[in-house]
$ cat final_7.txt   # compact mmCIF, C-alpha atoms
# COMPACT_ATOMS: atom_id res chain seq x y z
CA ARG A 1 4.31 -31.85 50.92
CA ARG A 2 6.36 -30.66 47.97
CA TYR A 3 5.01 -27.13 48.17
CA GLY A 4 7.64 -25.56 45.91
CA GLN A 5 6.83 -28.03 43.15
CA ALA A 6 3.09 -27.64 43.73
CA LEU A 7 3.49 -23.86 43.57
CA ALA A 8 5.28 -24.07 40.21
CA LEU A 9 2.59 -26.37 38.80
CA ALA A 10 -0.20 -24.15 40.14
CA ARG A 11 1.40 -21.12 38.48
CA GLU A 12 1.65 -22.97 35.19
CA ALA A 13 -1.94 -24.19 35.46
CA ALA A 14 -3.18 -20.68 36.31
CA ASP A 15 -1.41 -19.29 33.25
CA LEU A 16 -2.95 -21.98 31.04
CA ALA A 17 -6.39 -21.35 32.51
CA ALA A 18 -6.03 -17.61 31.95
CA GLY A 19 -5.03 -18.25 28.35
CA ARG A 20 -8.19 -20.29 27.86
CA ALA A 21 -10.37 -17.78 29.71
CA ASP A 22 -11.25 -20.48 32.25
CA THR A 23 -11.87 -18.20 35.21
CA ALA A 24 -12.91 -20.95 37.62
CA ALA A 25 -9.75 -22.99 36.99
CA TRP A 26 -7.61 -19.85 37.20
CA TRP A 27 -9.21 -18.99 40.56
CA GLN A 28 -8.62 -22.46 41.98
CA MET A 29 -4.99 -22.50 40.84
CA MET A 30 -4.38 -19.06 42.32
CA PHE A 31 -5.89 -20.23 45.60
CA LEU A 32 -3.61 -23.27 45.51
CA GLN A 33 -0.66 -20.92 45.09
CA GLY A 34 -1.77 -19.05 48.20
CA GLU A 35 -1.97 -22.30 50.14
CA CYS A 36 1.51 -23.29 48.97
CA PHE A 37 2.92 -19.94 50.02
CA ARG A 38 1.25 -20.29 53.43
CA GLU A 39 2.63 -23.80 53.94
CA GLN A 40 6.13 -22.56 53.07
CA GLY A 41 5.89 -19.71 55.58
CA LEU A 42 5.74 -17.07 52.83
CA TYR A 43 2.90 -15.16 54.45
CA GLU A 44 3.14 -11.87 52.57
CA GLU A 45 3.08 -13.75 49.26
CA CYS A 46 0.06 -15.69 50.53
CA ARG A 47 -1.62 -12.43 51.54
CA ASN A 48 -0.94 -10.91 48.10
CA VAL A 49 -2.56 -13.86 46.33
CA ALA A 50 -5.53 -13.80 48.72
CA GLU A 51 -6.03 -10.06 48.21
CA THR A 52 -5.92 -10.55 44.42
CA LEU A 53 -8.59 -13.22 44.73
CA ARG A 54 -10.62 -11.15 47.18
CA ALA A 55 -10.86 -8.36 44.58
CA HIS A 56 -11.79 -10.72 41.74
CA GLN A 57 -15.30 -10.68 40.29
CA LEU A 58 -15.69 -14.44 40.72
CA THR A 59 -15.10 -14.08 44.46
CA ALA A 60 -17.61 -11.25 44.67
CA SER A 61 -20.26 -13.46 43.08
CA SER A 62 -19.68 -16.48 45.33
CA PRO A 63 -20.08 -16.51 49.12
CA ALA A 64 -18.20 -19.82 49.25
CA LEU A 65 -15.16 -18.44 47.43
CA ALA A 66 -15.24 -15.26 49.48
CA ALA A 67 -15.34 -17.33 52.69
CA LYS A 68 -12.32 -19.35 51.54
CA VAL A 69 -10.32 -16.21 50.81
CA LEU A 70 -11.31 -14.51 54.06
CA THR A 71 -10.36 -17.60 56.03
CA MET A 72 -6.95 -17.62 54.34
CA LEU A 73 -6.52 -13.92 55.11
CA SER A 74 -7.56 -14.52 58.72
CA VAL A 75 -4.92 -17.20 59.18
CA VAL A 76 -2.23 -14.99 57.65
CA SER A 77 -3.32 -12.03 59.75
CA GLN A 78 -3.15 -14.08 62.93
CA ILE A 79 0.33 -15.37 62.04
CA SER A 80 1.37 -11.78 61.27
CA ASP A 81 0.22 -10.68 64.76
CA GLU A 82 -2.74 -8.73 63.37
CA VAL A 83 -5.15 -10.49 65.70
CA PRO A 84 -8.10 -8.05 65.71
CA GLN A 85 -8.09 -8.16 61.91
CA ALA A 86 -7.83 -11.97 62.00
CA ILE A 87 -10.91 -12.15 64.24
CA ALA A 88 -12.92 -9.80 62.02
CA LEU A 89 -11.96 -11.70 58.85
CA ALA A 90 -12.85 -15.06 60.40
CA ARG A 91 -16.22 -13.75 61.59
CA GLU A 92 -16.98 -12.48 58.09
CA ALA A 93 -15.91 -15.83 56.61
CA LEU A 94 -18.27 -17.57 59.03
CA ARG A 95 -21.12 -15.26 58.08
CA LEU A 96 -20.57 -15.96 54.39
CA SER A 97 -20.21 -19.69 54.86
CA ASP A 98 -23.47 -19.70 56.86
CA ALA A 99 -25.25 -18.00 53.98
CA ASN A 100 -23.83 -20.53 51.57
CA GLU A 101 -24.88 -24.05 50.68
CA GLY A 102 -21.23 -24.91 50.05
CA PRO A 103 -19.18 -27.75 51.46
CA PRO A 104 -19.42 -28.24 55.23
CA GLY A 105 -15.64 -28.10 55.58
CA LEU A 106 -15.75 -24.47 54.55
CA HIS A 107 -17.62 -23.44 57.68
CA VAL A 108 -15.40 -25.62 59.89
CA GLU A 109 -12.23 -24.02 58.46
CA ALA A 110 -13.60 -20.55 59.16
CA GLN A 111 -14.55 -21.62 62.68
CA LEU A 112 -11.02 -22.96 63.24
CA ALA A 113 -9.55 -19.65 62.10
CA LEU A 114 -11.80 -17.74 64.49
CA ILE A 115 -10.93 -19.98 67.43
CA ALA A 116 -7.20 -19.65 66.74
CA ALA A 117 -7.41 -15.86 66.57
CA LEU A 118 -9.50 -15.63 69.75
CA ALA A 119 -7.12 -17.92 71.63
CA GLU A 120 -4.13 -15.94 70.36
CA SER A 121 -5.67 -12.77 71.77
CA ASP A 122 -6.27 -14.42 75.18
CA GLN A 123 -10.04 -14.33 74.72
CA LEU A 124 -10.24 -17.89 76.00
CA ASP A 125 -13.87 -17.73 77.16
CA GLN A 126 -14.96 -16.68 73.67
CA ALA A 127 -12.61 -19.22 72.09
CA TRP A 128 -14.17 -21.94 74.24
CA ALA A 129 -17.70 -20.84 73.31
CA GLU A 130 -16.68 -21.14 69.65
CA CYS A 131 -15.19 -24.59 70.39
CA VAL A 132 -18.59 -25.69 71.68
CA VAL A 133 -20.12 -24.47 68.41
CA LEU A 134 -17.40 -26.28 66.47
CA SER A 135 -17.96 -29.56 68.28
CA GLY A 136 -21.63 -29.37 67.30
CA MET A 137 -20.61 -29.11 63.64
CA LEU A 138 -18.70 -32.37 63.72
CA ASP A 139 -20.85 -35.31 62.88
CA GLY A 140 -20.25 -38.69 61.34
CA GLU A 141 -20.06 -37.10 57.90
CA ALA A 142 -17.13 -34.83 58.71
CA ASP A 143 -13.90 -35.44 56.82
CA SER A 144 -11.63 -37.36 59.20
CA GLN A 145 -8.63 -35.07 58.65
CA LEU A 146 -10.71 -31.95 59.25
CA ALA A 147 -12.39 -33.53 62.28
CA GLY A 148 -8.98 -34.44 63.68
CA LYS A 149 -7.79 -30.86 63.25
CA ALA A 150 -10.97 -29.58 64.90
CA TYR A 151 -10.64 -31.87 67.91
CA TRP A 152 -6.96 -30.90 68.22
CA VAL A 153 -7.94 -27.22 68.34
CA ILE A 154 -10.66 -27.91 70.90
CA GLY A 155 -8.14 -29.79 73.04
CA ASN A 156 -5.67 -26.92 72.85
CA VAL A 157 -8.23 -24.35 73.97
$ encode --input "final_7.txt" --output "C-alpha cells"
Amino acid sequence: RRYGQALALAREAADLAAGRADTAAWWQMMFLQGECFREQGLYEECRNVAETLRAHQLTASSPALAAKVLTMLSVVSQISDEVPQAIALAREALRLSDANEGPPGLHVEAQLALIAALAESDQLDQAWAECVVLSGMLDGEADSQLAGKAYWVIGNV
C-alpha cells in the first residue's frame, strides 16, 4: 500500500524498459503507474496514463491490454461523474475481454466496472442483471480476492 513508492519504482522501471526497447515491460510499468495514481486519488493523472496506453500500438494489437485500459478508464470516468462514458467504456472492455483468451480476472474486472457505473446511474435493474452474469463467472478457480470483491459488489447492488 505504499503507492507513492510503487509509483516512483514504476516510473524508473518504465524508463529502463524504454531505454532497452522493451515495449511489453514499458507498457506494464506504465499501467502500474496508472493504478498507483488511481489508488492515491489522482484520477486525472490516472486518466492521462490510461489514454497514453490506449493510443499505444501494443494496446491496439492486444484485446486483453485494450480491455485493461478501458476498464481503468471506466473506473476513472465513474469516479469523475462521467457515468454514461463509464458505462460505454466498461461495455467495450467486456466485449474485448470476451473476444480474448486472456486471464479470467480481466473479464470480471470489466464486469465490476460496468456494475458500478450502472448502479451509480440508478440503473439498478440493469446492474442486478449484470450481477447475475457476474455470479455465473465465479467458480472454484476464481482468485479469492477478486471473488471477494465481486461478491461485495453483488451484495451492494
$ residues_around --input "final_7.txt" --residues "range 86-90 of chain A" --least-positions-apart "3" --cutoff "9 Å" --atoms "all atoms listed in the file" --output "PyMOL selection string"
chain A and resi 67+70-79+81-83+93-95+110-118
$ write_last_selection --input "final_7.txt" --atoms "C-alpha atoms" --output "PDB file, in the frame of the given file"
ATOM      1  CA  ALA A  67     -15.340 -17.330  52.690  1.00  0.00           C
ATOM      2  CA  LEU A  70     -11.310 -14.510  54.060  1.00  0.00           C
ATOM      3  CA  THR A  71     -10.360 -17.600  56.030  1.00  0.00           C
ATOM      4  CA  MET A  72      -6.950 -17.620  54.340  1.00  0.00           C
ATOM      5  CA  LEU A  73      -6.520 -13.920  55.110  1.00  0.00           C
ATOM      6  CA  SER A  74      -7.560 -14.520  58.720  1.00  0.00           C
ATOM      7  CA  VAL A  75      -4.920 -17.200  59.180  1.00  0.00           C
ATOM      8  CA  VAL A  76      -2.230 -14.990  57.650  1.00  0.00           C
ATOM      9  CA  SER A  77      -3.320 -12.030  59.750  1.00  0.00           C
ATOM     10  CA  GLN A  78      -3.150 -14.080  62.930  1.00  0.00           C
ATOM     11  CA  ILE A  79       0.330 -15.370  62.040  1.00  0.00           C
ATOM     12  CA  ASP A  81       0.220 -10.680  64.760  1.00  0.00           C
ATOM     13  CA  GLU A  82      -2.740  -8.730  63.370  1.00  0.00           C
ATOM     14  CA  VAL A  83      -5.150 -10.490  65.700  1.00  0.00           C
ATOM     15  CA  ALA A  93     -15.910 -15.830  56.610  1.00  0.00           C
ATOM     16  CA  LEU A  94     -18.270 -17.570  59.030  1.00  0.00           C
ATOM     17  CA  ARG A  95     -21.120 -15.260  58.080  1.00  0.00           C
ATOM     18  CA  ALA A 110     -13.600 -20.550  59.160  1.00  0.00           C
ATOM     19  CA  GLN A 111     -14.550 -21.620  62.680  1.00  0.00           C
ATOM     20  CA  LEU A 112     -11.020 -22.960  63.240  1.00  0.00           C
ATOM     21  CA  ALA A 113      -9.550 -19.650  62.100  1.00  0.00           C
ATOM     22  CA  LEU A 114     -11.800 -17.740  64.490  1.00  0.00           C
ATOM     23  CA  ILE A 115     -10.930 -19.980  67.430  1.00  0.00           C
ATOM     24  CA  ALA A 116      -7.200 -19.650  66.740  1.00  0.00           C
ATOM     25  CA  ALA A 117      -7.410 -15.860  66.570  1.00  0.00           C
ATOM     26  CA  LEU A 118      -9.500 -15.630  69.750  1.00  0.00           C
TER      27      LEU A 118
END
$ atom_distance --input "final_7.txt" --atom1 "CA of Gly136 in chain A" --atom2 "CA of Pro103 in chain A"
16.1 Å
$ axis_aligned_box --input "final_7.txt" --around "range 115-133 of chain A" --padding-each-side "8 Å" --output "lines of an AutoDock Vina configuration file"
center_x = -12.1
center_y = -19.2
center_z = 71.9
size_x = 32.0
size_y = 28.9
size_z = 26.6
$ closest_atom_pairs --input "final_7.txt" --of "range 36-124 of chain A" --to "range 11-23 of chain A" --cutoff "12 Å" --atoms "only C-alpha atoms" --output "JSON lines"
{"residue": "A:Cys36", "atom": "CA", "partner": "A:Arg11", "partner_atom": "CA", "distance": 10.7}
{"residue": "A:Phe37", "atom": "CA", "partner": "A:Arg11", "partner_atom": "CA", "distance": 11.7}
{"residue": "A:Val49", "atom": "CA", "partner": "A:Arg11", "partner_atom": "CA", "distance": 11.4}
{"residue": "A:Leu53", "atom": "CA", "partner": "A:Thr23", "partner_atom": "CA", "distance": 11.2}
{"residue": "A:His56", "atom": "CA", "partner": "A:Thr23", "partner_atom": "CA", "distance": 9.9}
{"residue": "A:Gln57", "atom": "CA", "partner": "A:Thr23", "partner_atom": "CA", "distance": 9.7}
{"residue": "A:Leu58", "atom": "CA", "partner": "A:Thr23", "partner_atom": "CA", "distance": 7.7}
{"residue": "A:Thr59", "atom": "CA", "partner": "A:Thr23", "partner_atom": "CA", "distance": 10.6}
$ write_last_selection --input "final_7.txt" --atoms "C-alpha atoms" --output "PDB file, in the coordinates of the input"
ATOM      1  CA  CYS A  36       1.510 -23.290  48.970  1.00  0.00           C
ATOM      2  CA  PHE A  37       2.920 -19.940  50.020  1.00  0.00           C
ATOM      3  CA  VAL A  49      -2.560 -13.860  46.330  1.00  0.00           C
ATOM      4  CA  LEU A  53      -8.590 -13.220  44.730  1.00  0.00           C
ATOM      5  CA  HIS A  56     -11.790 -10.720  41.740  1.00  0.00           C
ATOM      6  CA  GLN A  57     -15.300 -10.680  40.290  1.00  0.00           C
ATOM      7  CA  LEU A  58     -15.690 -14.440  40.720  1.00  0.00           C
ATOM      8  CA  THR A  59     -15.100 -14.080  44.460  1.00  0.00           C
TER       9      THR A  59
END
$ closest_residue --input "final_7.txt" --among "A:Leu146, A:Val153, A:Leu96, A:Leu32" --to "Ala60 in chain A" --atoms "only C-alpha atoms"
A:Leu96
$ atom_distance --input "final_7.txt" --atom1 "CA of Gln33 in chain A" --atom2 "CA of Ala66 in chain A"
16.2 Å
$ closest_residue --input "final_7.txt" --among "A:His107, A:Ala25, A:Pro84, A:Glu44" --to "Pro63 in chain A" --atoms "all atoms listed in the file"
A:His107
$ closest_residue --input "final_7.txt" --among "A:Ala150, A:Glu92, A:Ser121, A:Gln28" --to "Val108 in chain A" --atoms "all atoms listed in the file"
A:Ala150
$ build_atoms --input "final_7.txt" --residues "range 15-40 of chain A" --atoms "N, CA, C and O atoms" --output "mmCIF file, keeping the file's coordinate frame"
data_model
loop_
_atom_site.group_PDB
_atom_site.id
_atom_site.type_symbol
_atom_site.label_atom_id
_atom_site.label_comp_id
_atom_site.auth_asym_id
_atom_site.auth_seq_id
_atom_site.Cartn_x
_atom_site.Cartn_y
_atom_site.Cartn_z
ATOM 1 N N ASP A 15 -1.714 -19.954 34.532
ATOM 2 C CA ASP A 15 -1.410 -19.290 33.250
ATOM 3 C C ASP A 15 -2.172 -19.947 32.100
ATOM 4 O O ASP A 15 -2.711 -19.249 31.240
ATOM 5 N N LEU A 16 -2.200 -21.272 32.093
ATOM 6 C CA LEU A 16 -2.950 -21.980 31.040
ATOM 7 C C LEU A 16 -4.439 -21.659 31.123
ATOM 8 O O LEU A 16 -5.088 -21.432 30.098
ATOM 9 N N ALA A 17 -4.969 -21.651 32.326
ATOM 10 C CA ALA A 17 -6.390 -21.350 32.510
ATOM 11 C C ALA A 17 -6.702 -19.929 32.061
ATOM 12 O O ALA A 17 -7.727 -19.688 31.408
ATOM 13 N N ALA A 18 -5.825 -19.002 32.374
ATOM 14 C CA ALA A 18 -6.030 -17.610 31.950
ATOM 15 C C ALA A 18 -6.010 -17.516 30.433
ATOM 16 O O ALA A 18 -6.824 -16.797 29.841
ATOM 17 N N GLY A 19 -5.114 -18.248 29.815
ATOM 18 C CA GLY A 19 -5.030 -18.250 28.350
ATOM 19 C C GLY A 19 -6.274 -18.809 27.690
ATOM 20 O O GLY A 19 -6.598 -18.439 26.560
ATOM 21 N N ARG A 20 -6.959 -19.678 28.385
ATOM 22 C CA ARG A 20 -8.190 -20.290 27.860
ATOM 23 C C ARG A 20 -9.440 -19.592 28.378
ATOM 24 O O ARG A 20 -10.552 -20.063 28.148
ATOM 25 N N ALA A 21 -9.259 -18.525 29.111
ATOM 26 C CA ALA A 21 -10.370 -17.780 29.710
ATOM 27 C C ALA A 21 -11.223 -18.658 30.625
ATOM 28 O O ALA A 21 -12.436 -18.485 30.729
ATOM 29 N N ASP A 22 -10.574 -19.606 31.296
ATOM 30 C CA ASP A 22 -11.250 -20.480 32.250
ATOM 31 C C ASP A 22 -11.079 -19.874 33.643
ATOM 32 O O ASP A 22 -10.151 -20.197 34.385
ATOM 33 N N THR A 23 -11.975 -18.975 33.977
ATOM 34 C CA THR A 23 -11.870 -18.200 35.210
ATOM 35 C C THR A 23 -11.922 -19.087 36.448
ATOM 36 O O THR A 23 -11.171 -18.864 37.405
ATOM 37 N N ALA A 24 -12.780 -20.090 36.440
ATOM 38 C CA ALA A 24 -12.910 -20.950 37.620
ATOM 39 C C ALA A 24 -11.609 -21.712 37.873
ATOM 40 O O ALA A 24 -11.146 -21.803 39.018
ATOM 41 N N ALA A 25 -11.010 -22.266 36.830
ATOM 42 C CA ALA A 25 -9.750 -22.990 36.990
ATOM 43 C C ALA A 25 -8.635 -22.033 37.415
ATOM 44 O O ALA A 25 -7.814 -22.362 38.275
ATOM 45 N N TRP A 26 -8.613 -20.841 36.816
ATOM 46 C CA TRP A 26 -7.610 -19.850 37.200
ATOM 47 C C TRP A 26 -7.743 -19.538 38.688
ATOM 48 O O TRP A 26 -6.749 -19.501 39.406
ATOM 49 N N TRP A 27 -8.977 -19.320 39.158
ATOM 50 C CA TRP A 27 -9.210 -18.990 40.560
ATOM 51 C C TRP A 27 -8.684 -20.095 41.475
ATOM 52 O O TRP A 27 -7.986 -19.826 42.445
ATOM 53 N N GLN A 28 -9.039 -21.331 41.145
ATOM 54 C CA GLN A 28 -8.620 -22.460 41.980
ATOM 55 C C GLN A 28 -7.097 -22.598 42.022
ATOM 56 O O GLN A 28 -6.514 -22.894 43.072
ATOM 57 N N MET A 29 -6.447 -22.385 40.885
ATOM 58 C CA MET A 29 -4.990 -22.500 40.840
ATOM 59 C C MET A 29 -4.302 -21.338 41.565
ATOM 60 O O MET A 29 -3.250 -21.511 42.177
ATOM 61 N N MET A 30 -4.902 -20.180 41.541
ATOM 62 C CA MET A 30 -4.380 -19.060 42.320
ATOM 63 C C MET A 30 -4.522 -19.349 43.813
ATOM 64 O O MET A 30 -3.608 -19.096 44.598
ATOM 65 N N PHE A 31 -5.673 -19.897 44.194
ATOM 66 C CA PHE A 31 -5.890 -20.230 45.600
ATOM 67 C C PHE A 31 -4.871 -21.277 46.053
ATOM 68 O O PHE A 31 -4.313 -21.179 47.150
ATOM 69 N N LEU A 32 -4.607 -22.257 45.202
ATOM 70 C CA LEU A 32 -3.610 -23.270 45.510
ATOM 71 C C LEU A 32 -2.228 -22.633 45.705
ATOM 72 O O LEU A 32 -1.480 -23.017 46.607
ATOM 73 N N GLN A 33 -1.919 -21.639 44.894
ATOM 74 C CA GLN A 33 -0.660 -20.920 45.090
ATOM 75 C C GLN A 33 -0.612 -20.278 46.475
ATOM 76 O O GLN A 33 0.407 -20.351 47.168
ATOM 77 N N GLY A 34 -1.708 -19.652 46.873
ATOM 78 C CA GLY A 34 -1.770 -19.050 48.200
ATOM 79 C C GLY A 34 -1.540 -20.080 49.298
ATOM 80 O O GLY A 34 -0.811 -19.829 50.260
ATOM 81 N N GLU A 35 -2.162 -21.236 49.156
ATOM 82 C CA GLU A 35 -1.970 -22.300 50.140
ATOM 83 C C GLU A 35 -0.520 -22.759 50.192
ATOM 84 O O GLU A 35 0.028 -22.999 51.277
ATOM 85 N N CYS A 36 0.098 -22.880 49.024
ATOM 86 C CA CYS A 36 1.510 -23.290 48.970
ATOM 87 C C CYS A 36 2.404 -22.248 49.637
ATOM 88 O O CYS A 36 3.318 -22.604 50.389
ATOM 89 N N PHE A 37 2.150 -20.992 49.357
ATOM 90 C CA PHE A 37 2.920 -19.940 50.020
ATOM 91 C C PHE A 37 2.761 -20.037 51.533
ATOM 92 O O PHE A 37 3.735 -19.946 52.283
ATOM 93 N N ARG A 38 1.511 -20.206 51.984
ATOM 94 C CA ARG A 38 1.250 -20.290 53.430
ATOM 95 C C ARG A 38 2.016 -21.456 54.051
ATOM 96 O O ARG A 38 2.652 -21.313 55.087
ATOM 97 N N GLU A 39 1.972 -22.604 53.402
ATOM 98 C CA GLU A 39 2.630 -23.800 53.940
ATOM 99 C C GLU A 39 4.151 -23.650 53.958
ATOM 100 O O GLU A 39 4.822 -24.295 54.760
ATOM 101 N N GLN A 40 4.687 -22.798 53.101
ATOM 102 C CA GLN A 40 6.130 -22.560 53.070
ATOM 103 C C GLN A 40 6.554 -21.422 54.003
ATOM 104 O O GLN A 40 7.723 -21.083 54.086
#
